[in-house]
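The file start.txt contains compact mmCIF, C-alpha atoms:
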# COMPACT_ATOMS: atom_id res chain seq x y z
CA MET A 11 -31.55 -16.71 -2.09
CA LYS A 12 -27.90 -17.46 -1.55
CA VAL A 13 -25.36 -14.79 -0.63
CA GLN A 14 -21.68 -15.73 -0.77
CA ILE A 15 -18.74 -13.74 0.52
CA LEU A 16 -15.49 -14.61 -1.27
CA GLY A 17 -12.28 -14.03 0.62
CA SER A 18 -9.55 -15.90 2.42
CA GLY A 19 -9.29 -14.03 5.65
CA CYS A 20 -8.59 -10.38 4.91
CA ALA A 21 -9.92 -7.85 7.39
CA LYS A 22 -12.40 -6.38 4.92
CA CYS A 23 -13.77 -9.86 4.16
CA LYS A 24 -14.69 -10.39 7.79
CA THR A 25 -16.28 -6.95 8.00
CA LEU A 26 -18.39 -7.64 4.94
CA GLU A 27 -19.50 -11.05 6.21
CA GLY A 28 -20.52 -9.52 9.53
CA ARG A 29 -22.41 -6.72 7.78
CA VAL A 30 -24.33 -9.16 5.57
CA ARG A 31 -25.27 -11.44 8.45
CA GLN A 32 -26.33 -8.48 10.54
CA LEU A 33 -28.59 -7.11 7.81
CA ALA A 34 -30.10 -10.53 7.16
CA ALA A 35 -30.94 -10.91 10.84
CA LYS A 36 -32.20 -7.36 11.28
CA TYR A 37 -34.64 -7.46 8.36
CA GLN A 38 -35.30 -11.19 8.68
CA LEU A 39 -34.40 -11.81 5.06
CA PRO A 40 -34.73 -15.40 3.78
CA VAL A 41 -31.10 -15.60 2.64
CA GLU A 42 -28.47 -18.24 3.10
CA VAL A 43 -25.10 -16.63 3.88
CA GLU A 44 -21.95 -18.53 3.01
CA LYS A 45 -18.27 -17.63 3.35
CA VAL A 46 -16.05 -19.02 0.59
CA THR A 47 -12.39 -19.27 1.55
CA ASP A 48 -11.10 -21.80 -0.99
CA LEU A 49 -8.87 -19.99 -3.48
CA GLN A 50 -9.78 -22.17 -6.43
CA GLU A 51 -13.46 -21.56 -5.73
CA ILE A 52 -12.84 -17.81 -5.45
CA ILE A 53 -11.06 -17.42 -8.74
CA LYS A 54 -13.79 -19.28 -10.58
CA TYR A 55 -15.83 -16.13 -10.13
CA GLY A 56 -13.13 -14.14 -11.90
CA ILE A 57 -12.60 -11.48 -9.25
CA LEU A 58 -9.18 -9.85 -8.77
CA THR A 59 -9.67 -8.32 -5.37
CA THR A 60 -11.30 -9.61 -2.23
CA PRO A 61 -13.82 -9.48 -0.67
CA GLY A 62 -16.16 -10.52 -3.43
CA LEU A 63 -19.91 -10.53 -3.00
CA VAL A 64 -21.95 -13.05 -4.96
CA VAL A 65 -25.75 -13.18 -4.94
CA ASP A 66 -27.31 -16.27 -6.51
CA GLY A 67 -24.15 -16.92 -8.51
CA VAL A 68 -23.80 -13.35 -9.83
CA VAL A 69 -20.82 -11.23 -8.77
CA LYS A 70 -22.12 -7.95 -7.36
CA SER A 71 -18.97 -6.33 -6.04
CA ALA A 72 -15.25 -6.96 -5.56
CA GLY A 73 -12.60 -5.31 -3.42
CA SER A 74 -14.89 -3.06 -1.48
CA ILE A 75 -17.52 -3.04 1.22
CA PRO A 76 -20.71 -1.74 -0.38
CA LYS A 77 -22.96 0.62 1.58
CA ASP A 78 -25.72 -0.93 3.68
CA ASP A 79 -28.62 0.32 1.51
CA GLN A 80 -26.94 -1.14 -1.57
CA LEU A 81 -26.39 -4.47 0.19
CA LEU A 82 -30.01 -4.49 1.28
CA LEU A 83 -31.25 -3.94 -2.27
CA TRP A 84 -29.20 -6.92 -3.49
CA MET A 85 -30.25 -9.13 -0.61
CA LYS A 86 -33.92 -8.34 -1.16
CA GLY A 87 -33.46 -9.23 -4.79
CA THR A 88 -34.84 -5.93 -6.02
CA SER A 89 -31.84 -5.06 -8.13
CA MET B 5 -19.81 16.77 8.72
CA ARG B 6 -20.55 13.71 6.59
CA LYS B 7 -23.87 15.30 5.52
CA LEU B 8 -22.23 18.59 4.56
CA LEU B 9 -19.66 16.71 2.51
CA GLU B 10 -22.36 14.82 0.68
CA LYS B 11 -24.39 17.94 0.00
CA TYR B 12 -21.61 20.34 -1.03
CA PRO B 13 -18.64 18.10 -1.80
CA VAL B 14 -16.50 20.60 -3.70
CA THR B 15 -17.10 23.61 -1.42
CA SER B 16 -16.53 21.71 1.80
CA THR B 17 -13.39 20.11 0.40
CA ALA B 18 -12.08 23.57 -0.52
CA ILE B 19 -12.78 24.86 3.01
CA LEU B 20 -11.10 21.84 4.56
CA PHE B 21 -8.08 22.40 2.32
CA LEU B 22 -7.84 26.02 3.46
CA LEU B 23 -7.94 24.92 7.10
CA TRP B 24 -5.26 22.39 6.29
CA ILE B 25 -2.93 25.10 4.91
CA ILE B 26 -3.45 27.36 7.92
CA LEU B 27 -2.77 24.54 10.35
CA TYR B 28 0.29 23.35 8.42
CA THR B 29 1.93 26.78 8.33
CA ALA B 30 1.29 27.31 12.04
CA LEU B 31 2.87 24.01 13.11
CA GLN B 32 6.29 25.29 14.17
CA LEU B 33 4.71 28.06 16.24
CA LEU B 34 2.34 25.62 17.90
CA ALA B 35 5.13 23.15 18.67
CA ASP B 36 7.34 25.87 20.20
CA ALA B 37 4.40 27.17 22.21
CA ALA B 38 3.65 23.69 23.52
CA VAL B 39 7.28 23.19 24.57
CA ALA B 40 7.36 26.61 26.26
CA LEU B 41 4.08 25.96 28.06
CA ALA B 42 5.34 22.66 29.43
CA GLY B 43 8.17 24.64 31.02
CA LEU B 44 10.95 22.32 29.85
CA PRO B 45 14.52 23.58 30.24
CA GLN B 46 16.10 25.07 27.11
CA GLY B 47 18.49 22.82 25.20
CA ALA B 48 18.10 19.72 27.39
CA HIS B 49 17.95 16.30 25.73
CA LEU B 50 14.37 15.77 26.86
CA THR B 51 13.26 19.16 25.57
CA GLU B 52 14.71 18.49 22.13
CA ALA B 53 13.10 15.05 22.02
CA VAL B 54 9.71 16.48 22.99
CA ARG B 55 10.01 19.36 20.51
CA PHE B 56 10.79 16.89 17.72
CA PHE B 57 7.79 14.75 18.68
CA VAL B 58 5.16 17.51 18.96
CA PHE B 59 6.28 19.01 15.67
CA GLU B 60 6.72 15.87 13.58
CA VAL B 61 3.59 13.95 14.58
CA PRO B 62 1.01 16.56 13.43
CA LYS B 63 3.17 17.46 10.43
CA VAL B 64 3.39 13.91 9.13
CA LEU B 65 -0.28 13.21 9.87
CA LEU B 66 -1.33 16.35 8.01
CA LEU B 67 0.82 15.48 4.99
CA LEU B 68 -0.46 11.94 5.06
CA THR B 69 -4.10 13.05 5.08
CA LEU B 70 -3.59 15.33 2.10
CA ILE B 71 -1.68 12.82 -0.03
CA VAL B 72 -3.89 9.85 0.82
CA PHE B 73 -6.88 11.97 -0.18
CA ALA B 74 -5.30 12.88 -3.51
CA VAL B 75 -4.19 9.31 -4.15
CA GLY B 76 -7.69 8.08 -3.26
CA ILE B 77 -9.10 10.27 -6.01
CA ILE B 78 -6.44 9.19 -8.53
CA ARG B 79 -7.03 5.53 -7.71
CA SER B 80 -10.75 5.86 -8.34
CA TYR B 81 -9.76 6.12 -12.02
CA PHE B 82 -7.89 2.82 -11.91
CA SER B 83 -9.14 -0.61 -10.94
CA PRO B 84 -7.32 -3.95 -11.00
CA GLU B 85 -9.77 -5.12 -13.68
CA ARG B 86 -8.89 -2.17 -15.85
CA THR B 87 -5.17 -2.65 -15.24
CA ARG B 88 -5.49 -6.27 -16.32
CA LYS B 89 -7.19 -5.20 -19.51
CA MET B 90 -4.44 -2.66 -20.23
CA LEU B 91 -1.71 -5.25 -19.67
CA GLY B 92 -3.33 -7.92 -21.82
CA GLY B 93 -1.31 -8.76 -24.91
CA LYS B 94 1.68 -6.68 -23.81
CA LYS B 95 5.10 -8.14 -24.56
CA LEU B 96 8.02 -8.27 -22.16
CA PHE B 97 9.80 -5.01 -21.49
CA ALA B 98 7.01 -2.67 -22.67
CA GLY B 99 4.72 -4.75 -20.48
CA ASN B 100 7.14 -4.53 -17.55
CA VAL B 101 7.36 -0.76 -17.81
CA LEU B 102 3.59 -0.37 -17.96
CA ALA B 103 2.97 -2.91 -15.19
CA SER B 104 5.37 -1.14 -12.82
CA LEU B 105 3.75 2.23 -13.45
CA LEU B 106 0.26 0.80 -13.01
CA GLY B 107 1.45 -0.89 -9.81
CA VAL B 108 1.88 2.56 -8.30
CA VAL B 109 -1.63 3.84 -9.05
CA THR B 110 -3.78 0.71 -8.90
CA PRO B 111 -5.37 0.04 -5.52
CA PHE B 112 -3.59 -2.96 -4.03
CA CYS B 113 -3.66 -4.88 -0.78
CA SER B 114 -1.29 -7.76 -0.17
CA CYS B 115 -4.28 -9.81 1.06
CA SER B 116 -5.52 -9.75 -2.55
CA ALA B 117 -2.13 -10.73 -3.98
CA ILE B 118 -3.20 -14.29 -4.82
CA PRO B 119 -6.50 -13.67 -6.65
CA LEU B 120 -4.75 -10.87 -8.50
CA PHE B 121 -1.79 -13.04 -9.45
CA LEU B 122 -4.09 -15.81 -10.68
CA GLY B 123 -6.33 -13.40 -12.53
CA PHE B 124 -3.36 -11.82 -14.31
CA VAL B 125 -1.54 -15.02 -15.22
CA GLU B 126 -4.64 -16.81 -16.41
CA SER B 127 -5.71 -14.00 -18.66
CA GLY B 128 -2.38 -14.47 -20.46
CA ILE B 129 -0.30 -11.68 -18.97
CA PRO B 130 3.33 -12.95 -18.95
CA LEU B 131 4.75 -14.04 -15.59
CA GLY B 132 7.49 -11.39 -15.65
CA VAL B 133 5.00 -8.60 -16.32
CA THR B 134 2.80 -9.82 -13.46
CA PHE B 135 5.84 -9.73 -11.18
CA SER B 136 6.69 -6.17 -12.17
CA PHE B 137 3.23 -5.22 -10.93
CA LEU B 138 3.56 -7.24 -7.72
CA ILE B 139 6.94 -5.68 -6.92
CA ALA B 140 5.99 -2.06 -7.63
CA ALA B 141 2.59 -2.13 -5.90
CA PRO B 142 3.70 -2.60 -2.28
CA MET B 143 7.13 -0.93 -2.56
CA ILE B 144 6.01 2.41 -3.95
CA ASN B 145 3.06 3.40 -1.84
CA GLU B 146 1.68 6.77 -0.91
CA VAL B 147 2.58 6.42 2.77
CA ALA B 148 6.26 5.85 1.95
CA LEU B 149 6.32 8.78 -0.46
CA VAL B 150 4.62 11.16 1.99
CA LEU B 151 7.02 10.33 4.76
CA LEU B 152 10.09 10.63 2.54
CA PHE B 153 8.83 13.93 1.20
CA GLY B 154 7.89 15.26 4.63
CA LEU B 155 11.08 14.23 6.38
CA PHE B 156 13.75 14.43 3.65
CA GLY B 157 12.34 16.60 0.88
CA TRP B 158 11.08 16.01 -2.64
CA LYS B 159 14.42 14.92 -4.11
CA THR B 160 14.66 11.86 -1.90
CA ALA B 161 11.01 10.99 -2.49
CA LEU B 162 11.52 11.23 -6.24
CA LEU B 163 14.70 9.15 -6.11
CA TYR B 164 12.95 6.51 -4.07
CA MET B 165 10.08 6.36 -6.53
CA SER B 166 12.22 6.22 -9.65
CA THR B 167 14.67 3.63 -8.34
CA GLY B 168 11.76 1.57 -6.97
CA LEU B 169 10.15 1.63 -10.41
CA LEU B 170 13.43 0.66 -12.01
CA ILE B 171 13.82 -2.33 -9.69
CA ALA B 172 10.26 -3.47 -10.46
CA MET B 173 10.78 -3.13 -14.22
CA VAL B 174 14.16 -4.84 -14.37
CA SER B 175 13.38 -7.62 -11.86
CA GLY B 176 10.15 -8.48 -13.67
CA TYR B 177 11.98 -8.45 -16.99
CA ILE B 178 14.67 -10.82 -15.69
CA ILE B 179 12.05 -13.17 -14.25
CA GLY B 180 10.40 -13.05 -17.67
CA ILE B 181 13.46 -13.98 -19.71
CA LEU B 182 14.46 -16.73 -17.26
CA LYS B 183 11.28 -18.60 -18.29
CA LEU B 184 10.28 -19.67 -14.80
CA GLU B 185 6.67 -20.59 -15.67
CA LYS B 186 7.38 -24.23 -14.81
CA TYR B 187 7.76 -23.23 -11.17
CA VAL B 188 4.21 -21.96 -10.92
CA GLU B 189 1.98 -24.54 -9.20
CA PRO B 190 0.33 -26.52 -12.01
CA TRP B 191 -3.20 -26.04 -10.70
CA VAL B 192 -2.90 -22.35 -11.49
CA TYR B 193 -2.94 -23.04 -15.20
CA GLU B 194 -5.48 -25.86 -14.86
CA THR B 195 -8.17 -23.92 -13.06
CA LYS B 196 -10.21 -21.90 -15.43
CA ALA B 197 -10.92 -18.53 -13.99
CA GLY B 198 -14.36 -17.24 -14.70
CA HIS B 199 -14.97 -13.78 -15.95
CA SER B 200 -17.14 -11.64 -13.80
CA GLU B 201 -19.27 -9.19 -15.68
CA LEU B 202 -19.00 -6.39 -13.18
CA ALA B 203 -20.40 -3.42 -15.00
CA GLU B 204 -18.01 -0.49 -15.37
CA GLU B 205 -20.05 2.18 -13.73
CA LYS B 206 -19.77 5.79 -14.62
CA ILE B 207 -18.48 7.56 -11.53
CA LEU B 208 -19.23 11.21 -10.99
CA PHE B 209 -16.62 13.57 -9.60
CA PRO B 210 -18.32 14.11 -6.20
CA GLU B 211 -18.18 10.33 -5.75
CA ARG B 212 -14.43 10.42 -6.43
CA ILE B 213 -14.09 13.04 -3.70
CA SER B 214 -15.93 10.75 -1.35
CA ALA B 215 -13.60 7.92 -2.45
CA GLY B 216 -10.74 10.21 -1.39
CA PHE B 217 -12.26 10.74 2.05
CA ASP B 218 -12.92 7.00 2.41
CA ALA B 219 -9.24 6.35 1.67
CA VAL B 220 -8.22 8.88 4.33
CA VAL B 221 -10.44 7.26 6.96
CA GLU B 222 -9.27 3.77 6.04
CA ILE B 223 -5.52 4.40 5.81
CA VAL B 224 -5.01 7.07 8.45
CA SER B 225 -7.00 5.11 11.02
CA LYS B 226 -4.77 2.13 10.31
CA VAL B 227 -1.31 3.72 10.25
CA TRP B 228 -1.49 6.67 12.68
CA ILE B 229 -0.42 4.54 15.61
CA TYR B 230 2.70 3.32 13.76
CA ILE B 231 3.57 6.89 12.91
CA VAL B 232 3.25 8.01 16.53
CA ILE B 233 5.34 5.09 17.79
CA GLY B 234 7.87 5.48 14.97
CA ILE B 235 8.29 9.20 15.65
CA ALA B 236 8.53 8.55 19.40
CA VAL B 237 11.43 6.14 18.78
CA GLY B 238 12.86 8.65 16.32
CA ALA B 239 12.54 11.40 18.93
CA GLY B 240 14.38 9.26 21.46
CA ILE B 241 17.25 8.66 19.04
CA HIS B 242 17.16 12.33 18.06
CA GLY B 243 17.50 13.54 21.63
CA TYR B 244 19.75 10.92 23.19
CA VAL B 245 21.93 9.00 20.74
CA PRO B 246 25.21 10.84 20.16
CA GLU B 247 26.00 12.43 16.81
CA ASN B 248 27.77 10.11 14.34
CA PHE B 249 26.94 7.07 16.45
CA MET B 250 25.74 5.20 13.37
CA ALA B 251 28.53 6.32 11.07
CA GLY B 252 30.72 3.32 11.88
CA ILE B 253 27.95 0.73 11.41
CA MET B 254 25.76 2.22 8.69
CA GLY B 255 28.01 4.87 7.23
CA LYS B 256 29.49 4.97 3.74
CA GLY B 257 32.83 3.73 4.94
CA ALA B 258 31.45 0.29 5.74
CA TRP B 259 31.03 -1.38 2.33
CA TRP B 260 29.21 -4.36 3.82
CA SER B 261 26.53 -2.18 5.40
CA VAL B 262 24.21 -2.20 2.35
CA PRO B 263 23.87 -6.00 1.96
CA VAL B 264 23.62 -6.42 5.74
CA ALA B 265 20.86 -3.79 5.91
CA VAL B 266 18.95 -5.67 3.19
CA LEU B 267 19.47 -9.04 4.90
CA ILE B 268 18.08 -7.65 8.12
CA GLY B 269 15.27 -5.84 6.31
CA VAL B 270 13.80 -8.72 4.29
CA PRO B 271 12.43 -10.84 7.16
CA MET B 272 11.30 -7.75 9.05
CA TYR B 273 7.73 -6.83 8.57
CA SER B 274 6.58 -3.30 9.06
CA ASN B 275 4.84 -0.71 7.01
CA ALA B 276 6.35 2.47 5.70
CA ALA B 277 4.66 4.46 8.44
CA GLY B 278 6.52 2.74 11.23
CA ILE B 279 9.90 2.45 9.60
CA ILE B 280 10.58 5.89 8.12
CA PRO B 281 10.75 8.03 11.28
CA ILE B 282 13.33 5.55 12.62
CA VAL B 283 15.17 5.78 9.34
CA GLN B 284 15.28 9.55 9.66
CA ALA B 285 16.78 9.37 13.09
CA LEU B 286 19.41 6.85 11.91
CA LEU B 287 20.36 9.18 9.07
CA GLU B 288 20.75 12.09 11.41
CA LYS B 289 23.26 10.13 13.45
CA GLY B 290 25.55 9.42 10.54
CA ALA B 291 24.05 6.45 8.70
CA SER B 292 24.31 6.97 4.94
CA LEU B 293 21.26 7.52 2.74
CA GLY B 294 21.84 4.55 0.41
CA THR B 295 22.16 2.09 3.26
CA VAL B 296 19.08 3.41 4.99
CA LEU B 297 16.94 3.49 1.83
CA ALA B 298 18.01 -0.05 0.97
CA PHE B 299 16.94 -1.11 4.44
CA MET B 300 13.59 0.58 4.02
CA MET B 301 12.95 -0.88 0.56
CA ALA B 302 13.77 -4.35 1.85
CA VAL B 303 11.40 -3.96 4.79
CA ILE B 304 8.36 -2.71 2.88
CA GLY B 305 9.00 -4.18 -0.57
CA LEU B 306 9.92 -7.72 0.37
CA SER B 307 8.01 -9.09 3.28
CA LEU B 308 7.97 -12.56 4.73
CA PRO B 309 4.18 -12.79 5.18
CA GLU B 310 3.59 -11.90 1.54
CA THR B 311 6.17 -14.45 0.40
CA ILE B 312 4.44 -17.10 2.49
CA ILE B 313 1.10 -16.23 0.88
CA LEU B 314 2.71 -16.57 -2.56
CA LYS B 315 3.91 -20.06 -1.62
CA LYS B 316 0.36 -21.24 -2.35
CA VAL B 317 0.83 -20.55 -6.05
CA LEU B 318 4.60 -20.59 -6.59
CA LYS B 319 7.19 -23.32 -6.11
CA LEU B 320 10.27 -22.61 -4.05
CA PRO B 321 12.77 -21.96 -6.92
CA LEU B 322 10.56 -19.18 -8.24
CA ILE B 323 10.13 -17.67 -4.79
CA PHE B 324 13.90 -17.69 -4.29
CA ALA B 325 14.42 -16.17 -7.72
CA PHE B 326 11.88 -13.43 -6.94
CA VAL B 327 13.35 -12.55 -3.53
CA GLY B 328 16.93 -12.89 -4.78
CA ILE B 329 16.51 -10.69 -7.85
CA VAL B 330 14.64 -7.95 -6.00
CA ALA B 331 17.11 -8.02 -3.10
CA ALA B 332 20.02 -7.73 -5.55
CA GLY B 333 18.29 -4.75 -7.17
CA ILE B 334 17.84 -3.06 -3.81
CA ILE B 335 21.50 -3.61 -2.91
CA ILE B 336 22.63 -2.05 -6.20
CA VAL B 337 20.36 0.95 -5.61
CA GLY B 338 21.79 1.31 -2.10
CA TYR B 339 25.34 1.47 -3.47
CA ILE B 340 24.33 3.96 -6.16
CA PHE B 341 22.78 6.27 -3.56
CA ASN B 342 25.84 6.05 -1.35
CA PHE B 343 28.00 6.85 -4.36
CA VAL B 344 25.89 9.78 -5.58
CA TYR B 345 25.50 11.38 -2.15
CA SER B 346 29.15 11.46 -1.26

Here is a file; write its structure as structure tokens.
Amino acid sequence: MKVQILGSGCAKCKTLEGRVRQLAAKYQLPVEVEKVTDLQEIIKYGILTTPGLVVDGVVKSAGSIPKDDQLLLWMKGTS
Amino acid sequence: MRKLLEKYPVTSTAILFLLWIILYTALQLLADAAVALAGLPQGAHLTEAVRFFVFEVPKVLLLLTLIVFAVGIIRSYFSPERTRKMLGGKKLFAGNVLASLLGVVTPFCSCSAIPLFLGFVESGIPLGVTFSFLIAAPMINEVALVLLFGLFGWKTALLYMSTGLLIAMVSGYIIGILKLEKYVEPWVYETKAGHSELAEEKILFPERISAGFDAVVEIVSKVWIYIVIGIAVGAGIHGYVPENFMAGIMGKGAWWSVPVAVLIGVPMYSNAAGIIPIVQALLEKGASLGTVLAFMMAVIGLSLPETIILKKVLKLPLIFAFVGIVAAGIIIVGYIFNFVYS
């Protein structure tokens, strides 16, 4: 599974990236975490606010830092 | 605390609100008591500065908490995606009016300015309408309004909001009729933005309350330090700088003061929280309201970092047009204020 964080350096983007990496390590999830900073790449996903969270090519959230349990559900692929 | 809020959101919010009112009404008493306890001599410069500080800091923080909470709830009804949908297909003028109004209530962070700009322009929203949104969103923010209301009263806050809206509407409209689309970087129109299918979830009211509390935690934790520093500087000016010291430089008599205030304000970068307490102190010492408001609008509405971010998508002539038109608007508003309040 591939988890991408879209954002070009806002504070929330870094927080979200840290959160995702932390959860992946803590629960030893088989996910590949990638930070996308290229603007043209970001807008291809059609989000208006950063950070964006993309799981296997599907936009899950934009402009906010989702709660840990929600993130975990997405990263486990159960929803 | 968090658990109680989640379990009984409405009741605990009501109790917190009651506490807020009690605290707010007792502020003057508490401040006087604190000054008396510290044993400072009556009427001395230092005493007055301290009294100003211990009264203003909790007052402004309390007001800020309440308004940010309310705005957090209001904003949970608006999202940038929804705003984009509402602006789609709108013509100039009507679009500019709507975009400026939505700029006030839609959650906005200047770090998202680029994706938002691209998303708007590519979905066919006219350039001028997009600019109306981008001008109104940072300039009219809840922190600025709270501070103006708390320190100068509701009339000034209302004037600031309405003239700010007017600048956003008119500037965007002018940018629209000047047909400046050719100065947008070509790749903007070449890249095809995707459309995310983020489901519009139904949000229940208790969740909006929690959105309000989230906003309080996020914003107050970020700006409180600027408020404390700003009020400390304000207190210093309040206690030490002689009356009418600013009248010669920033008073109504000096016609050049408005454009100079704007010229100084544009490259300065601060948020409303840091700038307003200083502004209040300047006013008290004889600076005129129009000059000071123009300065404040220039500082928070036009910022160098944001302009540099926009450089990625706009060519220089358009950036100059944007800064020039908005600055001109602010200068006109400054003169009007000076004229009305004379």

At most 7 Å to chain B: residues in chain A, all atoms listed in the file, as a list in words |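 Going by the stated atoms only, the list reads Cys20, Ile53, Lys54, Tyr55, Gly56, Ile57, Leu58, Thr59, Thr60, Val69 and Lys70 of chain A.
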
To one decimal in Å, tell me the separation between atom CA of Ile241 of chain B and atom CA of Leu286 of chain B.
-> 7.7 Å

What's the 8 Å shell around Val58 of chain B, counting only C-alpha atoms, without same-chain residues fewer than 3 positions away, as a list in words?
->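 Returned residues: Ala35, Ala38, Val54, Arg55, Val61 and Pro62 of chain B.
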
What's the 12 Å shell around Gly19 of chain A, counting only C-alpha atoms, without same-chain residues fewer than 4 positions away, as a list of chain:residue names?
->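 Surrounding residues, per the criterion: A:Ile15, A:Cys23, A:Lys24, A:Thr25, A:Leu26, A:Glu27, A:Lys45, A:Val46, A:Thr47, A:Asp48, A:Leu49, A:Thr60, A:Pro61, A:Gly62, B:Ser114, B:Cys115, B:Ser116, B:Ile313.
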
Quick one, how far is atom CA of Val317 of chain B from atom CA of Lys186 of chain B?
->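 Spanning atom CA of Val317 of chain B to atom CA of Lys186 of chain B is a straight-line distance of 11.5 Å.
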
At a cut-off of 6 Å, using all atoms listed in the file, what residues contact segment 94-104 of chain B? Leave out same-chain residues fewer than 2 positions from it and give the result as a compact mmCIF listing (two decimals) with C-alpha atoms, in the frame of the given file.
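Below is the file part.txt, written as the result:
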# COMPACT_ATOMS: atom_id res chain seq x y z
CA LEU B 91 -1.71 -5.25 -19.67
CA GLY B 92 -3.33 -7.92 -21.82
CA LEU B 106 0.26 0.80 -13.01
CA GLY B 107 1.45 -0.89 -9.81
CA VAL B 133 5.00 -8.60 -16.32
CA SER B 136 6.69 -6.17 -12.17
CA PHE B 137 3.23 -5.22 -10.93
CA ALA B 140 5.99 -2.06 -7.63
CA ALA B 172 10.26 -3.47 -10.46
CA MET B 173 10.78 -3.13 -14.22

Skipping near chain neighbours, those fewer than 6 positions away, what residues fall within 8 Å of segment 153-159 of chain B using all atoms listed in the file, listed as a VMD selection string?
-> chain B and resid 63 to 64 67 281 284

Given the choices B:Leu131, B:Leu320, B:Leu138, B:Leu50, which gets closest to Ile181 of chain B if the distance is worked out from only C-alpha atoms?
->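 Closest candidate: B:Leu131.
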
Å distance separating atom CA of Thr295 of chain B from atom CA of Leu152 of chain B, one decimal place =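 Answer for the atom CA of Thr295 of chain B to atom CA of Leu152 of chain B separation: 14.8 Å.
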
Select, from B:Leu27, B:Leu20, B:Ile77, B:Ala40, the residue with the minimum atom-to-atom distance to Ile213 of chain B, counting all atoms listed in the file.
->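 Among the listed residues, B:Ile77 lies closest to Ile213 of chain B.
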
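All residues that come within 9 Å of the coordinates (-24.5, -18.1, -0.6), counting all atoms listed in the file, are given as Met11, Lys12, Val13, Gln14, Ile15, Val41, Glu42, Val43, Glu44, Lys45, Val46, Val64, Val65, Asp66 and Gly67 of chain A.
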
I'd like the neighbourhood of Trp228 of chain B as a PDB file with C-alpha atoms, in the frame of the given file, where a residue qualifies if any of its atoms comes within 8 Å (using all atoms listed in the file), though same-chain residues fewer than 3 positions away should be ignored.
ATOM      1  CA  LEU B  65      -0.280  13.210   9.870  1.00  0.00           C
ATOM      2  CA  VAL B 224      -5.010   7.070   8.450  1.00  0.00           C
ATOM      3  CA  SER B 225      -7.000   5.110  11.020  1.00  0.00           C
ATOM      4  CA  ILE B 231       3.570   6.890  12.910  1.00  0.00           C
ATOM      5  CA  VAL B 232       3.250   8.010  16.530  1.00  0.00           C
ATOM      6  CA  ALA B 277       4.660   4.460   8.440  1.00  0.00           C
TER       7      ALA B 277
END

Distance criterion (only C-alpha atoms): nearest to Gly87 of chain A out of A:Pro40, A:Ser71, A:Ile52, A:Gln32 | A:Pro40
